[in-house]
Amino acid sequence: MGKKLNKRNYELINFTQPGKIYRRTLREDKRVNFLMDIENSILIFGGYYQRESNSELKSLFNLYKADFEIFLKNNNKIIFLTPIPEVNMPTDYSIIQVIKEEKKDLSIPKTMTIDRNKFAIDFINKFKEINIIDLSKIFCDEFKCYAITPNKLILKSDYHHPSLKGAEMINNLIMKEIEKIELQSN
């Protein structure tokens with residue numbers, strides 16, 4: 001993604017903290033102070049928000065809302081990624097079993113993802129003037145959400161992370177959203 005952004009004269013600054021969504025545990029997170037001074041940029045947020053309780057998301061909302069107002073005032077655009085569906089990877093799971101046709105795919109019913117992500121999606125949809133990328137477009141079809149599709153496309157490397165192919169597909173969606181933002185700005 002960094003190479004694609006550099007070709008467009010963007011700089012990629014990654015503020016990912018393993019296991020910590022923005023503002024989750026540190027009220028005075030270093031990322032907050034840095035981001036308050038950024039102007040004319042695109043800020044991308046995402047994470048496993050479905051792991052937060054509804055009450056925690058409600059308290060985060062006010063912090064995010066205040067921060068987002070400052071970010072937007074500084075002429076920034078905001079992209080928010082919906083959570084990646086969590087598909088359990090059984091301990092006896094083996095990609096070889098899928099490749100050898102012993103298992104058709106690795107998936108869960110889409111209804112489970114919808115139920116699991118309900119509070120997170122409601123949280124994200126409350127924000128105004130942001131761009132939302134729905135990652136279920138990559139990981140889900142009409143009925144199921146996949147770690148490995150029936151066509152043997154490996155989308156997740158484990159319970160928490162997309163595979164290289166899954167990450168590439170997410171990056172492509174982000175780049176398309178950036179292109180839409182650029183067109184709207186011109």
# chains A, B, ... in the order shown; residues from 1 in each chain; ligands from 1
call {"tool": "residues_around", "arguments": {"residues": "Gly46 in chain A", "least_positions_apart": "2", "cutoff": "8 Å", "atoms": "only C-alpha atoms", "output": "PDB file with all heavy atoms, in the first residue's frame"}}
result
ATOM      1  N   ILE A  21      -7.381  -0.363  19.836  1.00  0.00           N
ATOM      2  CA  ILE A  21      -8.003   0.535  18.875  1.00  0.00           C
ATOM      3  C   ILE A  21      -7.759   1.963  19.342  1.00  0.00           C
ATOM      4  O   ILE A  21      -7.421   2.211  20.501  1.00  0.00           O
ATOM      5  CB  ILE A  21      -9.517   0.235  18.714  1.00  0.00           C
ATOM      6  CG1 ILE A  21     -10.265   0.398  20.028  1.00  0.00           C
ATOM      7  CG2 ILE A  21      -9.734  -1.142  18.116  1.00  0.00           C
ATOM      8  CD1 ILE A  21     -11.769   0.255  19.897  1.00  0.00           C
ATOM      9  N   ILE A  44      -7.144   7.001   8.162  1.00  0.00           N
ATOM     10  CA  ILE A  44      -7.852   5.725   8.020  1.00  0.00           C
ATOM     11  C   ILE A  44      -7.934   5.055   9.389  1.00  0.00           C
ATOM     12  O   ILE A  44      -6.916   4.860  10.048  1.00  0.00           O
ATOM     13  CB  ILE A  44      -7.134   4.804   7.015  1.00  0.00           C
ATOM     14  CG1 ILE A  44      -7.012   5.499   5.651  1.00  0.00           C
ATOM     15  CG2 ILE A  44      -7.891   3.477   6.881  1.00  0.00           C
ATOM     16  CD1 ILE A  44      -6.130   4.767   4.660  1.00  0.00           C
ATOM     17  N   TYR A  48     -10.845  -4.130  15.374  1.00  0.00           N
ATOM     18  CA  TYR A  48     -11.844  -5.111  15.804  1.00  0.00           C
ATOM     19  C   TYR A  48     -12.820  -4.461  16.785  1.00  0.00           C
ATOM     20  O   TYR A  48     -12.909  -4.845  17.950  1.00  0.00           O
ATOM     21  CB  TYR A  48     -11.153  -6.331  16.405  1.00  0.00           C
ATOM     22  CG  TYR A  48     -10.590  -7.233  15.342  1.00  0.00           C
ATOM     23  CD1 TYR A  48      -9.263  -7.153  14.957  1.00  0.00           C
ATOM     24  CD2 TYR A  48     -11.413  -8.142  14.693  1.00  0.00           C
ATOM     25  CE1 TYR A  48      -8.757  -7.975  13.965  1.00  0.00           C
ATOM     26  CE2 TYR A  48     -10.918  -8.970  13.699  1.00  0.00           C
ATOM     27  CZ  TYR A  48      -9.591  -8.878  13.349  1.00  0.00           C
ATOM     28  OH  TYR A  48      -9.107  -9.687  12.360  1.00  0.00           O
ATOM     29  N   TYR A  49     -13.559  -3.484  16.310  1.00  0.00           N
ATOM     30  CA  TYR A  49     -14.518  -2.763  17.143  1.00  0.00           C
ATOM     31  C   TYR A  49     -15.644  -3.678  17.633  1.00  0.00           C
ATOM     32  O   TYR A  49     -16.289  -3.376  18.619  1.00  0.00           O
ATOM     33  CB  TYR A  49     -15.093  -1.565  16.389  1.00  0.00           C
ATOM     34  CG  TYR A  49     -14.093  -0.447  16.271  1.00  0.00           C
ATOM     35  CD1 TYR A  49     -13.149  -0.424  15.247  1.00  0.00           C
ATOM     36  CD2 TYR A  49     -14.056   0.569  17.210  1.00  0.00           C
ATOM     37  CE1 TYR A  49     -12.211   0.584  15.157  1.00  0.00           C
ATOM     38  CE2 TYR A  49     -13.120   1.583  17.129  1.00  0.00           C
ATOM     39  CZ  TYR A  49     -12.200   1.589  16.103  1.00  0.00           C
ATOM     40  OH  TYR A  49     -11.259   2.584  16.026  1.00  0.00           O
ATOM     41  N   PHE A  80     -13.175   5.027   7.356  1.00  0.00           N
ATOM     42  CA  PHE A  80     -13.354   4.082   8.468  1.00  0.00           C
ATOM     43  C   PHE A  80     -13.649   2.716   7.881  1.00  0.00           C
ATOM     44  O   PHE A  80     -14.571   2.557   7.095  1.00  0.00           O
ATOM     45  CB  PHE A  80     -14.513   4.528   9.359  1.00  0.00           C
ATOM     46  CG  PHE A  80     -14.323   4.210  10.811  1.00  0.00           C
ATOM     47  CD1 PHE A  80     -14.347   5.217  11.757  1.00  0.00           C
ATOM     48  CD2 PHE A  80     -14.134   2.900  11.241  1.00  0.00           C
ATOM     49  CE1 PHE A  80     -14.184   4.939  13.110  1.00  0.00           C
ATOM     50  CE2 PHE A  80     -13.963   2.615  12.583  1.00  0.00           C
ATOM     51  CZ  PHE A  80     -13.992   3.633  13.520  1.00  0.00           C
ATOM     52  N   LEU A  81     -12.844   1.725   8.245  1.00  0.00           N
ATOM     53  CA  LEU A  81     -13.040   0.355   7.785  1.00  0.00           C
ATOM     54  C   LEU A  81     -13.938  -0.383   8.767  1.00  0.00           C
ATOM     55  O   LEU A  81     -13.701  -0.331   9.974  1.00  0.00           O
ATOM     56  CB  LEU A  81     -11.706  -0.392   7.711  1.00  0.00           C
ATOM     57  CG  LEU A  81     -10.571   0.257   6.927  1.00  0.00           C
ATOM     58  CD1 LEU A  81      -9.305  -0.572   7.067  1.00  0.00           C
ATOM     59  CD2 LEU A  81     -10.948   0.416   5.480  1.00  0.00           C
ATOM     60  N   THR A  82     -14.945  -1.072   8.265  1.00  0.00           N
ATOM     61  CA  THR A  82     -15.751  -1.911   9.144  1.00  0.00           C
ATOM     62  C   THR A  82     -14.887  -3.093   9.590  1.00  0.00           C
ATOM     63  O   THR A  82     -13.889  -3.421   8.945  1.00  0.00           O
ATOM     64  CB  THR A  82     -17.023  -2.413   8.440  1.00  0.00           C
ATOM     65  OG1 THR A  82     -16.653  -3.225   7.321  1.00  0.00           O
ATOM     66  CG2 THR A  82     -17.914  -1.259   8.006  1.00  0.00           C
ATOM     67  N   PRO A  83     -15.250  -3.752  10.688  1.00  0.00           N
ATOM     68  CA  PRO A  83     -14.431  -4.871  11.169  1.00  0.00           C
ATOM     69  C   PRO A  83     -14.375  -6.032  10.179  1.00  0.00           C
ATOM     70  O   PRO A  83     -15.337  -6.323   9.476  1.00  0.00           O
ATOM     71  CB  PRO A  83     -15.145  -5.314  12.453  1.00  0.00           C
ATOM     72  CG  PRO A  83     -15.943  -4.137  12.880  1.00  0.00           C
ATOM     73  CD  PRO A  83     -16.344  -3.439  11.612  1.00  0.00           C
TER      74      PRO A  83
END
call {"tool": "residues_around", "arguments": {"residues": "range 55-63 of chain A", "least_positions_apart": "3", "cutoff": "9 Å", "atoms": "only C-alpha atoms", "output": "number ranges by chain"}}
result
A: 23-24, 49, 52, 66-68, 119-120, 123-124, 126-127
call {"tool": "write_last_selection", "arguments": {"atoms": "N, CA, C and O atoms", "output": "mmCIF file, in the first residue's frame"}}
result
data_model
loop_
_atom_site.group_PDB
_atom_site.id
_atom_site.type_symbol
_atom_site.label_atom_id
_atom_site.label_comp_id
_atom_site.auth_asym_id
_atom_site.auth_seq_id
_atom_site.Cartn_x
_atom_site.Cartn_y
_atom_site.Cartn_z
ATOM 1 N N ARG A 23 -7.760 5.307 20.918
ATOM 2 C CA ARG A 23 -8.324 5.863 22.151
ATOM 3 C C ARG A 23 -8.925 4.826 23.092
ATOM 4 O O ARG A 23 -9.576 5.168 24.059
ATOM 5 N N ARG A 24 -8.713 3.557 22.860
ATOM 6 C CA ARG A 24 -9.365 2.521 23.673
ATOM 7 C C ARG A 24 -8.867 2.483 25.103
ATOM 8 O O ARG A 24 -9.638 2.522 26.028
ATOM 9 N N TYR A 49 -13.559 -3.484 16.310
ATOM 10 C CA TYR A 49 -14.518 -2.763 17.143
ATOM 11 C C TYR A 49 -15.644 -3.678 17.633
ATOM 12 O O TYR A 49 -16.289 -3.376 18.619
ATOM 13 N N GLU A 52 -15.663 -4.691 21.337
ATOM 14 C CA GLU A 52 -15.994 -3.722 22.379
ATOM 15 C C GLU A 52 -17.473 -3.850 22.747
ATOM 16 O O GLU A 52 -18.310 -4.131 21.901
ATOM 17 N N ALA A 66 -15.475 14.286 18.876
ATOM 18 C CA ALA A 66 -14.708 15.517 19.110
ATOM 19 C C ALA A 66 -13.425 15.528 18.283
ATOM 20 O O ALA A 66 -13.086 16.542 17.654
ATOM 21 N N ASP A 67 -12.722 14.402 18.243
ATOM 22 C CA ASP A 67 -11.497 14.320 17.443
ATOM 23 C C ASP A 67 -11.800 14.484 15.963
ATOM 24 O O ASP A 67 -11.107 15.219 15.249
ATOM 25 N N PHE A 68 -12.827 13.795 15.483
ATOM 26 C CA PHE A 68 -13.161 13.860 14.053
ATOM 27 C C PHE A 68 -13.536 15.280 13.639
ATOM 28 O O PHE A 68 -13.213 15.714 12.537
ATOM 29 N N PHE A 119 -23.174 -3.678 17.005
ATOM 30 C CA PHE A 119 -22.833 -2.465 17.756
ATOM 31 C C PHE A 119 -21.709 -1.685 17.080
ATOM 32 O O PHE A 119 -21.732 -0.459 17.050
ATOM 33 N N ALA A 120 -20.734 -2.401 16.525
ATOM 34 C CA ALA A 120 -19.614 -1.736 15.842
ATOM 35 C C ALA A 120 -20.101 -0.981 14.604
ATOM 36 O O ALA A 120 -19.701 0.162 14.371
ATOM 37 N N PHE A 123 -21.996 2.038 15.626
ATOM 38 C CA PHE A 123 -21.019 3.032 16.088
ATOM 39 C C PHE A 123 -20.421 3.785 14.895
ATOM 40 O O PHE A 123 -20.413 5.013 14.863
ATOM 41 N N ILE A 124 -19.958 3.061 13.898
ATOM 42 C CA ILE A 124 -19.316 3.674 12.729
ATOM 43 C C ILE A 124 -20.307 4.519 11.938
ATOM 44 O O ILE A 124 -19.987 5.626 11.508
ATOM 45 N N LYS A 126 -22.758 6.240 12.880
ATOM 46 C CA LYS A 126 -23.189 7.473 13.552
ATOM 47 C C LYS A 126 -22.371 8.687 13.114
ATOM 48 O O LYS A 126 -22.814 9.819 13.260
ATOM 49 N N PHE A 127 -21.185 8.452 12.594
ATOM 50 C CA PHE A 127 -20.323 9.572 12.225
ATOM 51 C C PHE A 127 -20.759 10.173 10.901
ATOM 52 O O PHE A 127 -21.113 9.465 9.962
#
call {"tool": "residues_around", "arguments": {"residues": "His160 in chain A", "least_positions_apart": "4", "cutoff": "12 Å", "atoms": "only C-alpha atoms", "output": "PyMOL selection string"}}
result
chain A and resi 18-19+47-48+51+83-89+147+155-156+166
call {"tool": "atom_distance", "arguments": {"atom1": "CA of Ala167 in chain A", "atom2": "CA of Ile138 in chain A"}}
result
9.9 Å
